[in-house]
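Structure data (CSV, C-alpha atoms) from my_file-v3.csv:
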```
chain,number,residue,atom,x,y,z
V,2,MET,CA,101.6,100.6,196.2
V,3,ASN,CA,103.6,97.5,195.3
V,4,ARG,CA,106.2,97.4,192.5
V,5,ALA,CA,103.8,95.7,189.9
V,6,ALA,CA,101.0,98.1,190.6
V,7,CYS,CA,103.4,101.1,190.4
V,8,LYS,CA,104.7,99.8,187.1
V,9,PHE,CA,101.2,99.4,185.7
V,10,ALA,CA,100.1,102.8,186.8
V,11,LEU,CA,103.1,104.3,184.9
V,12,ILE,CA,102.2,102.4,181.8
V,13,ALA,CA,98.5,103.4,181.9
V,14,ALA,CA,99.3,107.0,182.6
V,15,ALA,CA,101.7,107.2,179.6
V,16,ALA,CA,99.1,105.4,177.4
V,17,LEU,CA,96.3,107.8,178.4
V,18,ALA,CA,98.5,110.8,177.8
V,19,LEU,CA,99.4,109.6,174.3
V,20,THR,CA,95.8,108.6,173.4
V,21,SER,CA,94.4,111.9,174.7
V,22,ALA,CA,96.9,113.7,172.4
V,23,GLY,CA,94.8,112.3,169.6
V,24,GLY,CA,95.9,111.7,166.1
V,25,CYS,CA,97.2,114.1,163.5
V,26,GLY,CA,95.3,117.3,164.4
V,27,GLU,CA,91.8,117.0,163.1
V,28,GLN,CA,92.7,114.8,160.2
V,29,PRO,CA,93.5,111.1,160.3
V,30,CYS,CA,97.1,110.1,159.7
V,31,PRO,CA,97.9,109.5,156.0
V,32,PRO,CA,98.4,105.9,154.8
V,33,ILE,CA,101.9,104.6,155.1
V,34,VAL,CA,103.5,104.1,151.6
V,35,LEU,CA,106.1,101.5,150.7
V,36,ASP,CA,108.2,101.0,147.7
V,37,THR,CA,107.2,97.6,146.3
V,38,SER,CA,108.8,98.0,142.9
V,39,GLY,CA,110.6,94.8,141.8
V,40,ILE,CA,109.1,92.8,144.7
V,41,ALA,CA,107.9,89.4,143.5
V,42,PRO,CA,105.1,87.7,145.5
V,43,ALA,CA,106.5,85.0,147.8
V,44,VAL,CA,106.1,83.4,151.2
V,45,ASN,CA,109.2,84.7,152.8
V,46,TYR,CA,109.5,85.6,156.5
V,47,GLU,CA,113.3,85.8,156.6
V,48,PRO,CA,113.6,89.6,157.1
V,49,LEU,CA,111.0,89.4,159.9
V,50,ALA,CA,113.1,86.6,161.5
V,51,GLU,CA,116.1,88.9,161.6
V,52,VAL,CA,114.1,91.8,163.2
V,53,LEU,CA,112.4,89.6,165.8
V,54,ALA,CA,115.7,88.0,166.8
V,55,ASP,CA,117.4,91.4,167.2
V,56,CYS,CA,114.6,93.5,168.6
V,57,VAL,CA,112.4,91.5,170.9
V,58,LEU,CA,113.1,91.6,174.6
V,59,SER,CA,112.5,88.7,177.1
V,60,ASN,CA,109.1,90.2,178.0
V,61,GLY,CA,107.9,90.0,174.4
V,62,LEU,CA,108.1,93.7,173.8
V,63,ALA,CA,110.2,95.5,171.2
V,64,ASP,CA,113.6,97.0,172.1
V,65,ARG,CA,112.9,100.7,171.3
V,66,GLU,CA,116.6,101.5,171.0
V,67,GLN,CA,117.3,98.6,168.7
V,68,LEU,CA,114.2,98.7,166.5
V,69,PRO,CA,115.1,101.8,164.5
V,70,ARG,CA,118.4,100.1,163.5
V,71,CYS,CA,116.3,97.3,161.9
V,72,ALA,CA,114.0,99.7,160.0
V,73,ASP,CA,115.3,98.8,156.6
V,74,THR,CA,115.1,95.1,157.2
V,75,LEU,CA,111.6,95.5,158.5
V,76,ASP,CA,110.6,97.5,155.4
V,77,ARG,CA,111.9,94.7,153.2
V,78,GLN,CA,109.5,92.3,155.0
V,79,LEU,CA,106.6,94.7,154.8
V,80,ALA,CA,107.1,95.1,151.0
V,81,ILE,CA,106.9,91.3,150.6
V,82,LEU,CA,103.7,91.2,152.7
V,83,ALA,CA,102.2,94.1,150.7
V,84,VAL,CA,102.3,92.2,147.4
V,85,ALA,CA,101.5,88.7,148.7
V,86,GLY,CA,98.8,87.4,150.9
V,87,PRO,CA,95.7,85.1,151.2
V,88,THR,CA,93.6,87.5,149.1
V,89,ALA,CA,96.2,88.8,146.7
V,90,THR,CA,98.0,85.5,146.0
V,91,PRO,CA,95.7,82.7,147.3
V,92,LYS,CA,97.8,79.9,145.6
V,93,LEU,CA,100.7,80.8,147.9
V,94,PHE,CA,98.5,80.2,151.0
V,95,PRO,CA,96.5,77.1,150.2
V,96,ARG,CA,95.9,75.9,153.8
V,97,ARG,CA,94.0,77.7,156.6
V,98,GLN,CA,97.2,77.6,158.7
V,99,ASP,CA,99.2,79.2,155.9
V,100,ALA,CA,96.8,82.2,155.9
V,101,LEU,CA,96.6,82.4,159.7
V,102,ALA,CA,100.4,82.4,160.1
V,103,TYR,CA,100.5,85.1,157.5
V,104,TRP,CA,98.2,87.3,159.5
V,105,TYR,CA,100.1,86.7,162.7
V,106,ASN,CA,103.4,87.6,161.1
V,107,ALA,CA,101.9,90.6,159.3
V,108,HIS,CA,100.4,91.8,162.6
V,109,ALA,CA,103.8,91.5,164.4
V,110,ALA,CA,105.6,93.2,161.6
V,111,TRP,CA,103.2,96.1,161.1
V,112,SER,CA,102.8,96.7,164.9
V,113,MET,CA,106.5,97.4,165.0
V,114,LYS,CA,106.4,99.6,161.9
V,115,LEU,CA,103.5,101.6,163.3
V,116,LEU,CA,105.6,102.2,166.5
V,117,LEU,CA,108.3,103.7,164.4
V,118,ALA,CA,105.9,105.7,162.3
V,119,ARG,CA,103.9,107.3,165.1
V,120,ARG,CA,104.6,110.8,164.1
V,121,CYS,CA,102.5,112.2,161.4
V,122,PRO,CA,103.7,114.8,162.2
V,123,ARG,CA,102.5,114.7,165.8
V,124,LEU,CA,102.9,111.8,168.2
V,125,ILE,CA,99.9,109.6,168.0
V,126,GLY,CA,98.5,107.3,170.7
V,127,ALA,CA,98.2,103.5,170.7
V,128,ALA,CA,94.5,103.6,169.8
V,129,ALA,CA,95.1,105.8,166.7
V,130,MET,CA,97.9,103.4,165.6
V,131,LEU,CA,95.3,100.7,165.2
V,132,ASP,CA,93.4,102.6,162.5
V,133,ARG,CA,96.3,103.9,160.4
V,134,GLN,CA,96.2,102.5,156.9
V,135,PHE,CA,99.1,100.6,155.2
V,136,PRO,CA,99.6,98.3,152.2
V,137,LEU,CA,99.1,94.6,152.9
V,138,ASP,CA,97.8,91.6,151.0
V,139,GLY,CA,97.4,93.6,147.8
V,140,ARG,CA,95.2,96.3,149.4
V,141,THR,CA,95.2,99.0,152.0
V,142,MET,CA,94.1,98.2,155.5
V,143,PRO,CA,94.7,99.0,159.2
V,144,LEU,CA,95.9,96.8,162.0
V,145,ASN,CA,92.3,96.6,163.3
V,146,ASP,CA,91.3,94.8,160.1
V,147,ILE,CA,93.7,91.9,160.8
V,148,GLY,CA,92.1,91.7,164.3
V,149,ARG,CA,88.7,91.4,162.7
V,150,ILE,CA,89.8,88.7,160.3
V,151,LEU,CA,91.2,86.6,163.2
V,152,ALA,CA,88.2,87.3,165.5
V,153,ALA,CA,86.0,85.6,162.9
V,154,GLU,CA,87.7,82.3,163.6
V,155,GLU,CA,85.8,79.8,165.7
V,156,ASP,CA,88.6,79.5,168.2
V,157,PHE,CA,88.7,82.9,170.1
V,158,ARG,CA,92.2,82.2,171.2
V,159,ILE,CA,93.5,82.8,167.7
V,160,ALA,CA,92.6,86.5,167.9
V,161,ALA,CA,93.5,86.9,171.5
V,162,ALA,CA,97.0,85.5,171.0
V,163,VAL,CA,97.9,87.7,168.0
V,164,PRO,CA,101.4,89.2,168.5
V,165,GLY,CA,101.8,93.0,168.9
V,166,ALA,CA,104.3,95.6,169.9
V,167,THR,CA,102.2,96.9,172.8
V,168,THR,CA,100.9,95.4,176.1
V,169,SER,CA,97.4,95.3,174.6
V,170,PHE,CA,98.5,92.3,172.6
V,171,ALA,CA,100.2,89.0,173.2
V,172,ARG,CA,104.0,89.0,173.2
V,173,LEU,CA,106.1,89.4,170.1
V,174,PRO,CA,107.7,86.0,169.2
V,175,LYS,CA,111.5,85.6,168.8
V,176,ALA,CA,110.9,84.1,165.4
V,177,PRO,CA,108.1,84.1,162.8
V,178,VAL,CA,105.1,81.9,163.4
V,179,GLU,CA,105.3,78.8,161.2
V,180,PRO,CA,102.1,77.4,159.5
V,181,ASP,CA,102.8,73.8,160.4
V,182,CYS,CA,103.1,74.7,164.1
V,183,PHE,CA,100.3,77.3,164.2
V,184,GLY,CA,97.9,75.3,166.4
V,185,GLU,CA,100.6,74.6,169.0
V,186,ALA,CA,101.8,78.2,168.9
V,187,VAL,CA,98.3,79.6,169.6
V,188,GLU,CA,97.8,77.3,172.6
V,189,ARG,CA,101.2,78.3,174.1
V,190,ARG,CA,100.8,82.0,173.3
V,191,PHE,CA,97.4,82.2,174.8
V,192,ALA,CA,98.6,80.6,178.1
V,193,GLU,CA,101.5,83.0,178.1
V,194,PHE,CA,99.1,85.9,177.5
V,195,LEU,CA,97.0,85.1,180.5
V,196,ASP,CA,100.0,84.4,182.6
V,197,GLY,CA,101.8,87.7,181.9
V,198,ARG,CA,101.2,90.5,184.3
V,199,LEU,CA,102.1,93.1,181.8
V,200,ARG,CA,99.0,92.2,179.7
V,201,VAL,CA,96.3,90.8,182.0
V,202,TYR,CA,96.9,92.8,185.1
V,203,ILE,CA,95.5,91.6,188.5
V,204,ASP,CA,95.2,94.6,190.8
V,205,VAL,CA,95.2,92.9,194.3
V,206,THR,CA,95.0,96.2,196.1
V,207,ARG,CA,91.8,97.4,194.3
V,208,HIS,CA,90.4,93.9,193.8
V,209,ARG,CA,90.1,94.2,190.0
V,210,VAL,CA,91.5,92.7,186.9
V,211,LEU,CA,92.3,94.7,183.8
V,212,ILE,CA,91.8,92.8,180.5
V,213,PRO,CA,93.1,94.1,177.2
V,214,PRO,CA,90.5,94.7,174.4
V,215,VAL,CA,91.9,91.9,172.3
V,216,LEU,CA,90.5,89.5,174.9
V,217,TRP,CA,87.7,91.6,176.3
V,218,GLN,CA,85.9,91.6,172.9
V,219,PHE,CA,85.0,87.9,173.6
V,220,ARG,CA,83.5,88.5,177.0
V,221,ASP,CA,79.8,88.1,176.1
V,222,ARG,CA,80.5,85.0,173.9
V,223,LEU,CA,82.6,83.2,176.5
V,224,THR,CA,80.4,84.0,179.5
V,225,GLY,CA,77.3,83.0,177.5
V,226,GLN,CA,78.9,79.7,176.5
V,227,TYR,CA,79.9,79.0,180.1
V,228,ASP,CA,76.4,79.7,181.4
V,229,ARG,CA,74.8,77.4,178.8
V,230,LYS,CA,77.2,74.6,179.4
V,231,TYR,CA,77.2,74.6,183.2
V,232,GLN,CA,73.5,75.8,183.6
V,233,THR,CA,74.6,79.0,185.5
V,234,GLN,CA,73.7,82.7,185.3
V,235,GLY,CA,76.0,85.7,185.4
V,236,ALA,CA,79.3,84.0,184.8
V,237,THR,CA,82.3,86.4,184.8
V,238,LEU,CA,85.0,86.4,182.1
V,239,VAL,CA,87.6,85.1,184.6
V,240,THR,CA,85.3,82.2,185.5
V,241,ALA,CA,84.8,81.4,181.8
V,242,LEU,CA,88.6,81.6,181.1
V,243,LEU,CA,89.3,79.3,184.0
V,244,ALA,CA,87.3,76.6,182.3
V,245,CYS,CA,89.7,76.7,179.3
V,246,THR,CA,93.1,77.1,181.0
V,247,THR,CA,95.5,74.9,182.9
V,248,GLY,CA,98.8,75.2,184.7
V,249,SER,CA,100.2,78.5,186.0
V,250,ALA,CA,97.8,80.6,183.9
V,251,HIS,CA,94.9,78.8,185.6
V,252,ARG,CA,96.4,79.3,189.0
V,253,ARG,CA,97.0,83.0,188.4
V,254,LEU,CA,93.4,83.6,187.2
V,255,GLN,CA,92.1,81.9,190.4
V,256,GLU,CA,93.6,84.9,192.2
V,257,ALA,CA,91.2,87.2,190.3
V,258,LEU,CA,88.0,85.3,191.1
V,259,GLY,CA,85.4,87.7,192.4
V,260,TYR,CA,87.4,90.7,191.3
V,261,ARG,CA,85.8,93.5,189.3
V,262,GLU,CA,86.6,93.1,185.6
V,263,ILE,CA,87.6,96.1,183.5
V,264,GLU,CA,88.6,96.6,179.9
V,265,ALA,CA,92.1,97.9,179.9
V,266,VAL,CA,93.2,101.0,177.9
V,267,CYS,CA,95.3,100.6,174.8
V,268,ASN,CA,98.7,100.5,176.5
V,269,GLU,CA,101.9,101.9,175.0
V,270,LEU,CA,105.2,100.1,175.0
V,271,LEU,CA,107.1,100.0,178.2
V,272,THR,CA,109.8,102.6,178.2
V,273,ALA,CA,113.3,101.7,179.4
V,274,GLU,CA,112.8,102.9,182.9
V,275,HIS,CA,109.7,100.7,183.3
V,276,LYS,CA,111.4,97.4,182.3
V,277,ASP,CA,112.5,94.8,184.8
V,278,LYS,CA,116.2,94.4,185.1
V,279,ASP,CA,116.2,91.0,183.5
V,280,ASP,CA,114.5,92.3,180.4
V,281,ALA,CA,117.8,93.7,179.2
V,282,SER,CA,119.0,90.2,178.5
V,283,ARG,CA,117.6,88.7,175.4
```
Go ahead and render the structure in this file as structure tokens.
Amino acid sequence: MNRAACKFALIAAAALALTSAGGCGEQPCPPIVLDTSGIAPAVNYEPLAEVLADCVLSNGLADREQLPRCADTLDRQLAILAVAGPTATPKLFPRRQDALAYWYNAHAAWSMKLLLARRCPRLIGAAAMLDRQFPLDGRTMPLNDIGRILAAEEDFRIAAAVPGATTSFARLPKAPVEPDCFGEAVERRFAEFLDGRLRVYIDVTRHRVLIPPVLWQFRDRLTGQYDRKYQTQGATLVTALLACTTGSAHRRLQEALGYREIEAVCNELLTAEHKDKDDASR
């Protein structure tokens, strides 16, 4: 087994163990509560900028040793996001890109918070983390709801490129996503998502490609569109993705042509022993 395959096997095994452990006994985890007293609604991503700058590694994952040290700053950002949002304060988010950037930044922030709050009181797996409720946009919702909001967009890449703290999502950015650059950010992030072996894993030995759920959910839509456009039948997801990618991501996907396509499990964060040596430098 080569180094990449060994690394992925370790990640998948850890994820499966955590997910198999279930949630909080037979009851769902209680909603996360924040102190929002005295917080005025505003568009302010400065606390998030501090956390991302200090806690994101070169591979787009959170530094699990540094993240707890940024917990207070992260909570300040989450309190702001709790009282402001496209639904709670629509005047603060007049443009589509304002709302989309909000959801991206909220997803990044809450994915890190959920990583810190996995014990309730037992350790919960990555899948259970997606359904835990928290305050956002003047209401209570889980991370999965943000995904559903983004998946309703016409451009599937918007949902596929959403930042998260696990390898089931695209990489965490080193700075908050800005509304005025949202379109460019999505295009760049989607290419990086396909080009990153930690997320879309091509298993050369077993001739298969493991695709995270955030992209797998669009399989039927993309293959159907490809078949209609090119008058084909039975297109694969990899074939459909090749038609909308360029550069190194395109070349990498060509390696997976003909491989068996599998929806990947919800992966946990890489632990320190699984990181490449160059990930230590940020």
Inset, instruction - Report the distance between atom CA of Pro48 of chain V and atom CA of Ala129 of chain V in Å, rounded to one decimal place. - result: 26.4 Å
Legend entry - Distance in Å - atom CA of Ala160 of chain V versus atom CA of Leu75 of chain V: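 These atoms are spaced 23.0 Å apart.
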Inset, instruction - Please measure the separation of atom CA of Glu193 of chain V and atom CA of Ser249 of chain V, giving the value in Å to one decimal. - result: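 Result for atom CA of Glu193 of chain V versus atom CA of Ser249 of chain V: 9.2 Å, one decimal.
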Inset, instruction - Give me the residues within 9 Å of segment 147-159 of chain V as a list in words, counting all atoms listed in the file and dropping any in the same chain fewer than 4 places off. - result: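 The contact residues come out as Leu101, Trp104, Tyr105, Ala107, His108, Met142, Pro143, Val163, Gly184, Val187, Glu188, Arg190, Phe191, Val215, Leu216, Gln218, Phe219 and Leu223 of chain V.
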Inset, instruction - Determine the nearest neighbour of Pro136 of chain V from the options V:Ala41, V:Val178, V:Ala250, V:Leu82, counting only C-alpha atoms. - result: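 Nearest candidate to Pro136 of chain V out of V:Ala41, V:Val178, V:Ala250, V:Leu82: V:Leu82.
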